[in-house]
Every structure is written in C-alpha cells, then in structure tokens.
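First up is the structure itself, then whatever we jot down about it.
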Amino acid sequence: MTTRPRHALTRVAALSVSLTATLATGLAATTAIAPAAGAATAVIPPRPSYVDFDTLLIPTVEGVRYLDERGRALTGEVDLPAADDEGYRRLVVTAAPTRGYALAPHGWEEYDSRTGRASDYFTTQQGSDLLTVATDGCVVAIRNERDHPVELAYAEGGLLIALAVPQQMRERLEASDSQLAHEAGSGEAEGETEYWDYEDYFETVVLQPGGAFTVTSAWTSVDFLAQHPEDTSEPTIDSVDTFECGVGEGTQTSRVGVAGCELTFVPPHGRYLQMGEVFYRDADGNRSLDGVEITDYEPIDPDWFDEWMGDAPVTFDFSGVGGEDIEVFWSEFSIEERDHFGDSLAYYVGSTTVCDGSPAATRPATPATPVVRSTTTGDVTLTWGRVADGGSPVTEYVVHQTGVGGSRWFTVPGDLGRVTMRGQTAGTHSFRVYAANRMGNSAGSPVVTTNVVRPPAAPALPGVRVRGNDVTVGWAPPRNTGGFPVTGYVVQHGNRYVAVPASTRELTFRGLGRGNHYFRVYAANRLGNSAGSPVRLVTLR
C-alpha cells in the first residue's frame with residue numbers, strides 16, 4: 001500500500017474539485033447534439049463494472065457509445081491509466097447516445113442536458129468497494145469476501161484523533177488492547193504494523209480472503225483505507241458513521257442552552273470556538289439540518305480554518321423540522337486566542353434534546369445582590385452568583401458603577417462571575433449588575449456600595465519663595481485624601497526628609513548653598529504616605 005496519508009483527507013476534497021473540471025472537459029471534448037426528444041428512444045446507459053481492482057468492463061448496449069475524455073471509443077476490458085500528478089489512477093467515461101436514442105442516466109455523476117451525454121470517473125477499487133462493512137451500534141464489522149488479499153489501514157476517528165482527541169482519551173485508547181478483535185476465518189488478519197506518523201491511532205492489517213475483524217468504536221467514526229496489494233495509487237478514506245459512540249468524549253468549553261426548539265451555543269471567554277458538526281437524524285438515520293434555521297452567527301475570520309466564532313453566540317432553530325423530542329448531536333473545537341492549534345486545542349462531542357416542551361427563551365433572571373470587597377490600594381472586587389438564563393445562555397454581564405468617579409457601564413463575559421477594578425478613586429462607589437442573553441438584559445440587581453479608602457493622592461507641584469540663601473516651600477492639600485483625614489506631610493529636600501503636622505502648609509530651608517536644589521512633598525493619612533508631588537527645582541547663584 002502506498003502511503004501518502006498525511007494528505008489523504010485533503011485529497012478527497014481535491015479529487016472532487018478536479019474531477020468536476022475533468023468531467024466538464026470530457027463532455028466538451030465529445031460534444032454532439034442529441035436527437036430531438038420526441039424522435040428518440042430512451043435508453044438507460046449502464047455504468048462500467050470492475051473485473052479487477054484496476055480494470056473496467058465497458059457494457060455493450062444498443063443506442064449507447066462509451067468514450068474517454070478525448071472522445072475515443074471504449075469497448076471491452078479497459079485498464080485504468082497510470083497515476084496522475086495527484087497520485088490517482090482515474091478514467092473519465094462518457095456515455096453518448098447514438099442517432100435515434102436519448103439517454104435516461106441513472107447513477108451517473110454528471111449529465112449534460114444540452115448534449116444529452118452522461119459522464120463519470122472511475123478509479124481503482126478501494127475502501128468499501130473491496131470490503132463488506134456492517135455496523136451494529138458501536139461495533140463495526142469488516143470482512144474481505146474477495147478472492148485476493150486486501151491491505152487495510154484503519155483508525156477510530158482517523159486524522160481527527162491525531163489532531164484533537166483529549167489527552168485522557170489518548171491514554172485510554174493506548175491502554176486498551178480490546179478494541180480490535182479478530183474473528184476466525186479462512187484467512188486471519190496478519191501483519192499488524194504501526195501506520196503513518198499517527199502511529200498510536202492508525203494500524204494496518206492484511207485481510208486474506210474470508211478474513212474479518214470487528215472494531216468497537218468509542219468515537220464519532222471508524223475511518224479506513226483499503227487497497228489491493230498491487231495498487232500504487234493514492235488511497236482515499238472511507239468513514240463509518242459511529243457519531244453517537246463518541247458523545248461525552250473530550251472537554252466541553254461551550255455553554256449550551258435549550259429553549260423550546262432553539263439550541264444556542266456560546267463560546268467560552270478567551271477562546272475561539274468552531275462548531276464542527278450540528279445535526280439530527282432523519283427518518284432514514286442520515287445526518288440532517290433540513291428545516292433548521294441558523295441565527296446570530298457571526299464568524300470572526302471566515303478565511304481561517306473554516307469559521308471560528310469569537311464571543312458571538314450561534315442559535316439553531318429546529319422548529320421547522322417538525323416533531324417533538326428531537327435529539328441533536330454536535331462536535332466542537334476551541335482554542336486559545338492567537339494560539340491556533342497546539343496544546344490549547346480542545347474537542348468535544350455532545351448531544352441534547354430540543355422541541356422537548358420547554359418554554360421559549362426569555363431574558364435572564366435578575367442577579368442577586370453582588371458581594372463587594374475593596375483594598376487599601378484602591379482595588380475593588382465585585383462577585384455575583386449565576387442566574388437562571390431563561391433558556392438561552394448568558395452572553396455577558398453588564399455592570400453599572402456610580403460614585404465619586406461619575407457613572408460608567410462595562411461588560412464582563414458571561415462565563416465569569418467576578419471582576420476586579422484597579423486603582424479606584426477613594427470615596428463611595430455603588431454597583432448594580434445585569435445579566436444579558438440574546439433576548440436582552442435582565443432587571444438590575446440590588447445596589448451594593450463600598451467606601452474605597454487608600455493613601456492620599458499626591459499633592460500638586462509645590463510653590464517656592466527664595467530670599468537670599470533661604471528657600472520656603474509651600475503646598476496645598478491633596479484633592480483626594482483617600483477617605484481619611486490627612487495626618488501630616490513629608491517634605492523632601494534632596495536626601496533629607498522633614499515631617500510636619502497636617503496644619504502646616506509651608507516649610508523654610510535656611511542657609512542653602514549655591515547650585516540646584518530639589519523639593520518634593522508627600523501627604524499622609526492613617527494608611528500611609530501618598531506618592532510624591534512633582535519635583536520643584538530651585539537654583540541658587
């Protein structure tokens with residue numbers, strides 16, 4: 001088996017894009033005008049079948065010609081071409097009606113109504129085309145019913161595990177020897193080896209004819225690649241859907257709210273969030289978002305790793321689906337800001353029920369009285385408890401502060417219940433907290449008040465009077481005394497400090513020598529000294 005697996009997932013997408021262009025080229029190269037619909041006999045063109053993993057058998061059908069992308073006729077057994085620049089062996093086959101016939105194509109990838117032609121691409125047989133796959137809950141059974149061996153690489157969750165599975169799950173998987181149980185058959189799986197750079201998660205086996213094994217999934221999928229031992233083309237990934245088996249795995253960072261048929265996700269503070277998948281199962285068991293309306297979705301950077309959300313929530317409304325008690329599944333990524341991937345990457349798989357009879361979303365409940373605490377450095381910490389969110393997660397808390405500093409409003413992320421305001425002005429401060437969700441703000445909490453006390457503010461630039469060699473320094477009281485009376489002042493002259501009573505407003509220094517002299521004033525209260533005033537320079541000549 002060739003191993004270019006690091007690109008396998010992207011190859012699947014690239015193959016789809018490039019083949020669309022190739023099919024269009026094939027149709028253009030074999031352009032002809034189809035017979036008028038009324039004069040033509042409808043014929044269903046069967047698709048070519050495989051006689052070997054890399055050989056097609058072209059059908060023989062009256063009214064249909066099979067052509068390659070250059071317009072050359074294809075008949076009998078046709079070998080697939082050598083691998084192209086992308087590593088794939090692929091052949092575009094076009095079914096064209098002959099005169100008097102019109103195609104009724106079923107199962108073909110492309111149909112051009114203008115030319116009446118159908119096209120499809122064929123690659124080497126791989127994956128589930130070579131193996132028989134059956135699921136029973138979280139148990140995936142894979143069997144080789146071919147008459148030749150099949151090389152198989154498999155993983156529980158595939159590349160997703162290597163990128164995003166939490167450390168605790170990695171350790172659990174590494175410690176488990178029971179995930180793979182080989183069944184008895186005419187050829188047992190043999191040659192287990194480590195595969196790719198994700199060696200803890202990808203293993204290879206060679207399934208002999210009749211050989212089989214089962215994988216018990218504890219993740220959202222079992223991904224595998226299967227090829228004929230002689231196939232040297234790029235492998236592609238097949239995925240067995242076991243999403244429900246991964247529910248609850250990982251670390252949830254989003255906050256989720258259900259209100260009636262609405263499901264809202266709110267990103268965590270300080271992290272980017274991406275919803276990997278959100279879906280419900282339709283009547284056939286397929287993943288679906290039919291009938292679901294998505295609102296309030298504001299990606300912060302649509303060009304970077306699909307669409308990441310910042311602090312904006314996203315809401316899915318399932319009321320258009322119809323029915324009750326709809327089980328919804330989702331996966332989510334989150335990372336720290338500017339960290340991209342790396343150690344901060346968290347992944348989670350979850351489920352919940354919507355349209356469960358719960359009431360529609362309302363504004364959050366009113367927060368209880370906050371608790372306030374202040375320090376002698378002027379820091380004020382405000383805390384509050386969680387509130388009933390009204391069925392839609394709280395996106396932020398709004399704090400209204402009034403007092404000696406005037407009135408101001410600011411917000412706090414909805415997953416926090418605490419904020420510290422640094423360096424508040426001494427005096428009385430009052431606070432009120434509101435909770436907000438996408439429906440609006442709650443009523444305000446009861447008001448809480450604190451008296452901030454701290455050392456006085458620094459005095460203003462002192463004044464001076466000079467008489468000969470005597471200098472008198474004068475000052476005014478500080479504008480803010482820190483909540484306590486000023487108990488005194490300290491006057492600094494160079495490295496000399498002189499303390500004076502609170503009633504003193506000037507101090508004279510006598511007999512100073514020639515040169516520069518520097519003066520600064522400090523105010524004091526019961527908590528300590530203020531910062532120094534601006535420095536006053538006096539030069540004596």
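Residues are referred to by chain and number: the chain letter is A, B, ... according to the order shown in the structure tokens, the number counts from 1 in that chain, and ligands are numbered separately from 1 in the order shown.
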Region 284-286 of chain A surroundings by only C-alpha atoms, 12 Å radius, close-in-sequence under 2 positions cut, as a compact mmCIF listing (two decimals) with all heavy atoms, in the first residue's frame:
# COMPACT_ATOMS: atom_id res chain seq x y z
N ASP A 241 -19.92 5.86 10.04
CA ASP A 241 -20.52 6.81 10.98
C ASP A 241 -20.87 6.11 12.29
O ASP A 241 -21.76 5.26 12.35
CB ASP A 241 -21.78 7.41 10.34
CG ASP A 241 -22.42 8.49 11.20
OD1 ASP A 241 -21.94 8.71 12.33
OD2 ASP A 241 -23.39 9.11 10.73
N THR A 242 -20.16 6.48 13.36
CA THR A 242 -20.48 5.99 14.71
C THR A 242 -20.54 7.18 15.66
O THR A 242 -20.04 7.11 16.79
CB THR A 242 -19.42 4.98 15.19
OG1 THR A 242 -18.13 5.62 15.21
CG2 THR A 242 -19.36 3.76 14.29
N PHE A 243 -21.14 8.27 15.20
CA PHE A 243 -21.08 9.54 15.93
C PHE A 243 -21.58 9.39 17.36
O PHE A 243 -20.97 9.91 18.30
CB PHE A 243 -21.91 10.60 15.20
CG PHE A 243 -21.57 12.00 15.61
CD1 PHE A 243 -20.65 12.75 14.90
CD2 PHE A 243 -22.16 12.59 16.73
CE1 PHE A 243 -20.31 14.04 15.28
CE2 PHE A 243 -21.84 13.88 17.12
CZ PHE A 243 -20.91 14.60 16.38
N GLU A 244 -22.70 8.70 17.55
CA GLU A 244 -23.27 8.59 18.89
C GLU A 244 -22.32 7.92 19.88
O GLU A 244 -22.40 8.16 21.09
CB GLU A 244 -24.59 7.80 18.84
CG GLU A 244 -25.75 8.57 18.26
CD GLU A 244 -25.82 8.54 16.74
OE1 GLU A 244 -24.78 8.30 16.09
OE2 GLU A 244 -26.91 8.77 16.19
N PHE A 279 -26.30 18.37 13.91
CA PHE A 279 -27.26 17.66 13.07
C PHE A 279 -28.25 16.87 13.93
O PHE A 279 -28.02 16.65 15.12
CB PHE A 279 -26.55 16.71 12.10
CG PHE A 279 -25.85 15.55 12.76
CD1 PHE A 279 -26.49 14.34 12.99
CD2 PHE A 279 -24.53 15.68 13.18
CE1 PHE A 279 -25.85 13.28 13.60
CE2 PHE A 279 -23.86 14.63 13.80
CZ PHE A 279 -24.53 13.42 14.00
N TYR A 280 -29.32 16.44 13.28
CA TYR A 280 -30.22 15.44 13.85
C TYR A 280 -30.32 14.28 12.85
O TYR A 280 -29.89 14.41 11.70
CB TYR A 280 -31.62 16.03 14.12
CG TYR A 280 -32.37 16.44 12.88
CD1 TYR A 280 -33.24 15.56 12.23
CD2 TYR A 280 -32.21 17.73 12.34
CE1 TYR A 280 -33.92 15.94 11.07
CE2 TYR A 280 -32.88 18.11 11.19
CZ TYR A 280 -33.73 17.22 10.56
OH TYR A 280 -34.40 17.59 9.42
N ARG A 281 -30.84 13.18 13.27
CA ARG A 281 -31.01 12.02 12.38
C ARG A 281 -32.39 12.09 11.73
O ARG A 281 -33.40 12.24 12.43
CB ARG A 281 -30.86 10.70 13.13
CG ARG A 281 -29.50 10.48 13.77
CD ARG A 281 -28.47 10.10 12.77
NE ARG A 281 -27.20 9.72 13.41
CZ ARG A 281 -26.10 9.45 12.74
NH1 ARG A 281 -26.08 9.52 11.41
NH2 ARG A 281 -24.98 9.12 13.37
N ASP A 282 -32.43 11.97 10.40
CA ASP A 282 -33.73 11.94 9.73
C ASP A 282 -34.33 10.54 9.83
O ASP A 282 -33.78 9.65 10.50
CB ASP A 282 -33.62 12.42 8.29
CG ASP A 282 -32.73 11.52 7.42
OD1 ASP A 282 -32.47 10.35 7.83
OD2 ASP A 282 -32.31 11.97 6.33
N SER A 288 -28.76 15.33 9.25
CA SER A 288 -29.53 16.33 8.52
C SER A 288 -29.62 17.63 9.31
O SER A 288 -29.59 17.64 10.54
CB SER A 288 -30.95 15.81 8.25
OG SER A 288 -31.72 16.78 7.58
N LEU A 289 -29.71 18.73 8.54
CA LEU A 289 -30.07 20.03 9.09
C LEU A 289 -31.25 20.60 8.32
O LEU A 289 -31.51 21.81 8.39
CB LEU A 289 -28.88 20.99 9.03
CG LEU A 289 -27.92 21.00 10.23
CD1 LEU A 289 -26.79 21.98 10.01
CD2 LEU A 289 -28.65 21.32 11.53
N ASP A 290 -31.97 19.76 7.58
CA ASP A 290 -33.14 20.22 6.84
C ASP A 290 -34.16 20.82 7.80
O ASP A 290 -34.48 20.24 8.84
CB ASP A 290 -33.77 19.07 6.06
CG ASP A 290 -32.90 18.61 4.90
OD1 ASP A 290 -31.97 19.35 4.54
OD2 ASP A 290 -33.15 17.51 4.37
N GLU A 327 -33.47 14.66 19.03
CA GLU A 327 -32.12 14.55 19.58
C GLU A 327 -31.13 15.18 18.62
O GLU A 327 -31.10 14.86 17.43
CB GLU A 327 -31.75 13.09 19.84
CG GLU A 327 -30.45 12.94 20.61
CD GLU A 327 -30.17 11.53 21.09
OE1 GLU A 327 -30.88 10.61 20.64
OE2 GLU A 327 -29.26 11.35 21.91
Region 296-518 of chain A: which residues are strand (DSSP E or B) by DSSP, as an MDAnalysis selection string?
chainID A and resid 299 309 314:317 326:336 346:354 371:374 380:383 396:403 408:413 418:421 427:437 440:441 448:452 463:467 470:474 488:493 496:501 506:509 515:518
Next, the residues of the selection above should be written as an mmCIF file, in the first residue's frame with C-alpha atoms.
data_model
loop_
_atom_site.group_PDB
_atom_site.id
_atom_site.type_symbol
_atom_site.label_atom_id
_atom_site.label_comp_id
_atom_site.auth_asym_id
_atom_site.auth_seq_id
_atom_site.Cartn_x
_atom_site.Cartn_y
_atom_site.Cartn_z
ATOM 1 C CA PRO A 299 -17.717 34.258 12.327
ATOM 2 C CA MET A 309 -16.556 32.412 16.463
ATOM 3 C CA VAL A 314 -24.915 30.883 17.424
ATOM 4 C CA THR A 315 -28.513 29.630 17.616
ATOM 5 C CA PHE A 316 -30.077 26.714 15.748
ATOM 6 C CA ASP A 317 -33.883 26.736 15.495
ATOM 7 C CA ILE A 326 -35.553 15.804 18.578
ATOM 8 C CA GLU A 327 -32.123 14.547 19.580
ATOM 9 C CA VAL A 328 -29.366 16.842 18.337
ATOM 10 C CA PHE A 329 -25.687 15.925 18.107
ATOM 11 C CA TRP A 330 -22.714 18.218 17.752
ATOM 12 C CA SER A 331 -18.944 18.407 17.817
ATOM 13 C CA GLU A 332 -16.913 21.468 18.718
ATOM 14 C CA PHE A 333 -13.331 22.701 18.624
ATOM 15 C CA SER A 334 -11.962 25.506 20.759
ATOM 16 C CA ILE A 335 -8.549 27.117 21.001
ATOM 17 C CA GLU A 336 -6.985 29.968 22.911
ATOM 18 C CA ALA A 346 -9.953 21.120 22.964
ATOM 19 C CA TYR A 347 -12.521 18.891 21.248
ATOM 20 C CA TYR A 348 -15.894 17.713 22.465
ATOM 21 C CA VAL A 349 -18.787 15.586 21.203
ATOM 22 C CA GLY A 350 -22.196 16.282 22.691
ATOM 23 C CA SER A 351 -25.920 15.693 22.358
ATOM 24 C CA THR A 352 -29.107 17.180 23.741
ATOM 25 C CA THR A 353 -32.855 17.157 23.103
ATOM 26 C CA VAL A 354 -34.805 20.075 21.623
ATOM 27 C CA VAL A 371 -20.640 40.991 47.013
ATOM 28 C CA VAL A 372 -18.090 43.835 47.004
ATOM 29 C CA ARG A 373 -14.649 43.978 48.558
ATOM 30 C CA SER A 374 -12.119 46.816 48.419
ATOM 31 C CA VAL A 380 -12.471 46.838 44.189
ATOM 32 C CA THR A 381 -13.619 43.264 43.507
ATOM 33 C CA LEU A 382 -17.261 42.569 42.669
ATOM 34 C CA THR A 383 -18.646 38.996 42.597
ATOM 35 C CA GLU A 396 -22.362 38.772 29.258
ATOM 36 C CA TYR A 397 -22.989 40.643 32.473
ATOM 37 C CA VAL A 398 -23.393 44.423 32.414
ATOM 38 C CA VAL A 399 -22.051 46.370 35.429
ATOM 39 C CA HIS A 400 -23.177 49.919 36.220
ATOM 40 C CA GLN A 401 -20.839 51.844 38.517
ATOM 41 C CA THR A 402 -21.661 55.214 40.088
ATOM 42 C CA GLY A 403 -19.974 57.320 42.740
ATOM 43 C CA ARG A 408 -19.800 54.243 33.785
ATOM 44 C CA TRP A 409 -21.016 50.984 32.199
ATOM 45 C CA PHE A 410 -18.874 47.973 31.286
ATOM 46 C CA THR A 411 -19.376 44.308 30.410
ATOM 47 C CA VAL A 412 -17.996 41.047 31.783
ATOM 48 C CA PRO A 413 -18.011 37.738 29.782
ATOM 49 C CA ARG A 418 -16.251 38.260 39.097
ATOM 50 C CA VAL A 419 -14.477 41.458 38.087
ATOM 51 C CA THR A 420 -11.715 43.480 39.750
ATOM 52 C CA MET A 421 -11.450 47.225 39.130
ATOM 53 C CA GLY A 427 -14.720 57.595 48.229
ATOM 54 C CA THR A 428 -18.122 55.938 47.865
ATOM 55 C CA HIS A 429 -18.814 53.666 44.869
ATOM 56 C CA SER A 430 -22.092 51.879 44.048
ATOM 57 C CA PHE A 431 -22.619 48.910 41.726
ATOM 58 C CA ARG A 432 -25.530 47.178 40.014
ATOM 59 C CA VAL A 433 -25.284 44.017 37.831
ATOM 60 C CA TYR A 434 -27.460 42.979 34.863
ATOM 61 C CA ALA A 435 -27.392 39.598 33.087
ATOM 62 C CA ALA A 436 -27.759 39.526 29.286
ATOM 63 C CA ASN A 437 -28.586 36.845 26.737
ATOM 64 C CA GLY A 440 -31.887 41.190 26.123
ATOM 65 C CA ASN A 441 -30.868 42.374 29.589
ATOM 66 C CA VAL A 448 -24.238 47.371 46.564
ATOM 67 C CA THR A 449 -21.992 50.127 47.923
ATOM 68 C CA THR A 450 -18.409 50.297 49.164
ATOM 69 C CA ASN A 451 -16.210 53.073 50.549
ATOM 70 C CA VAL A 452 -12.792 52.978 48.942
ATOM 71 C CA GLY A 463 5.493 76.564 45.199
ATOM 72 C CA VAL A 464 8.656 78.288 46.453
ATOM 73 C CA ARG A 465 9.871 81.677 47.690
ATOM 74 C CA VAL A 466 13.576 82.482 47.605
ATOM 75 C CA ARG A 467 15.253 85.122 49.858
ATOM 76 C CA ASP A 470 16.656 80.736 52.236
ATOM 77 C CA VAL A 471 14.001 78.752 50.340
ATOM 78 C CA THR A 472 10.404 78.425 51.555
ATOM 79 C CA VAL A 473 8.405 75.533 50.090
ATOM 80 C CA GLY A 474 4.586 75.796 50.145
ATOM 81 C CA GLY A 488 0.695 65.211 58.112
ATOM 82 C CA TYR A 489 3.115 65.966 55.306
ATOM 83 C CA VAL A 490 6.678 64.986 54.480
ATOM 84 C CA VAL A 491 8.886 67.467 52.635
ATOM 85 C CA GLN A 492 11.871 66.080 50.757
ATOM 86 C CA HIS A 493 14.996 68.160 50.053
ATOM 87 C CA ARG A 496 16.643 64.869 53.578
ATOM 88 C CA TYR A 497 13.020 64.242 54.714
ATOM 89 C CA VAL A 498 11.197 66.547 57.150
ATOM 90 C CA ALA A 499 7.800 65.605 58.661
ATOM 91 C CA VAL A 500 5.369 68.376 59.595
ATOM 92 C CA PRO A 501 1.815 68.398 61.077
ATOM 93 C CA GLU A 506 4.936 75.608 54.215
ATOM 94 C CA LEU A 507 8.464 74.890 55.385
ATOM 95 C CA THR A 508 11.611 77.073 55.130
ATOM 96 C CA PHE A 509 15.073 75.680 54.464
ATOM 97 C CA GLY A 515 23.578 75.161 42.942
ATOM 98 C CA ASN A 516 20.455 73.123 42.201
ATOM 99 C CA HIS A 517 18.056 72.130 44.961
ATOM 100 C CA TYR A 518 15.168 69.679 44.524
#
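Relative to CA of Tyr121 (chain A), CA of Pro105 (chain A) is found at 14.5 Å.
Rounded to one decimal, CA of Gly76 (chain A) and CA of Ile58 (chain A) lie 5.2 Å from each other.
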In Å, rounded to a single decimal, give me how far CA of Thr539 (chain A) is from CA of Gly468 (chain A).
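Those two atoms sit 11.3 Å apart.
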Of the candidates A:Cys355, A:Leu527, A:Val278, A:Leu207, which one gets nearest to Pro229 (chain A) if we count only C-alpha atoms?
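When distances to Pro229 (chain A) are compared using only C-alpha atoms, the smallest one comes from A:Leu207.
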Ranking A:Arg526, A:Arg47, A:Arg520, A:Arg89 by minimum distance to Thr123 (chain A) and counting only C-alpha atoms, which one comes first?
A:Arg89
Find the residues near region 90-98 of chain A: any atom within 8 Å, counting only C-alpha atoms, skip ones fewer than 2 places away on the same chain, and give them as a PyMOL selection string.
chain A and resi 22-23+26-27+34+45+63-69+80-81+83-84+88+100-103+116-124
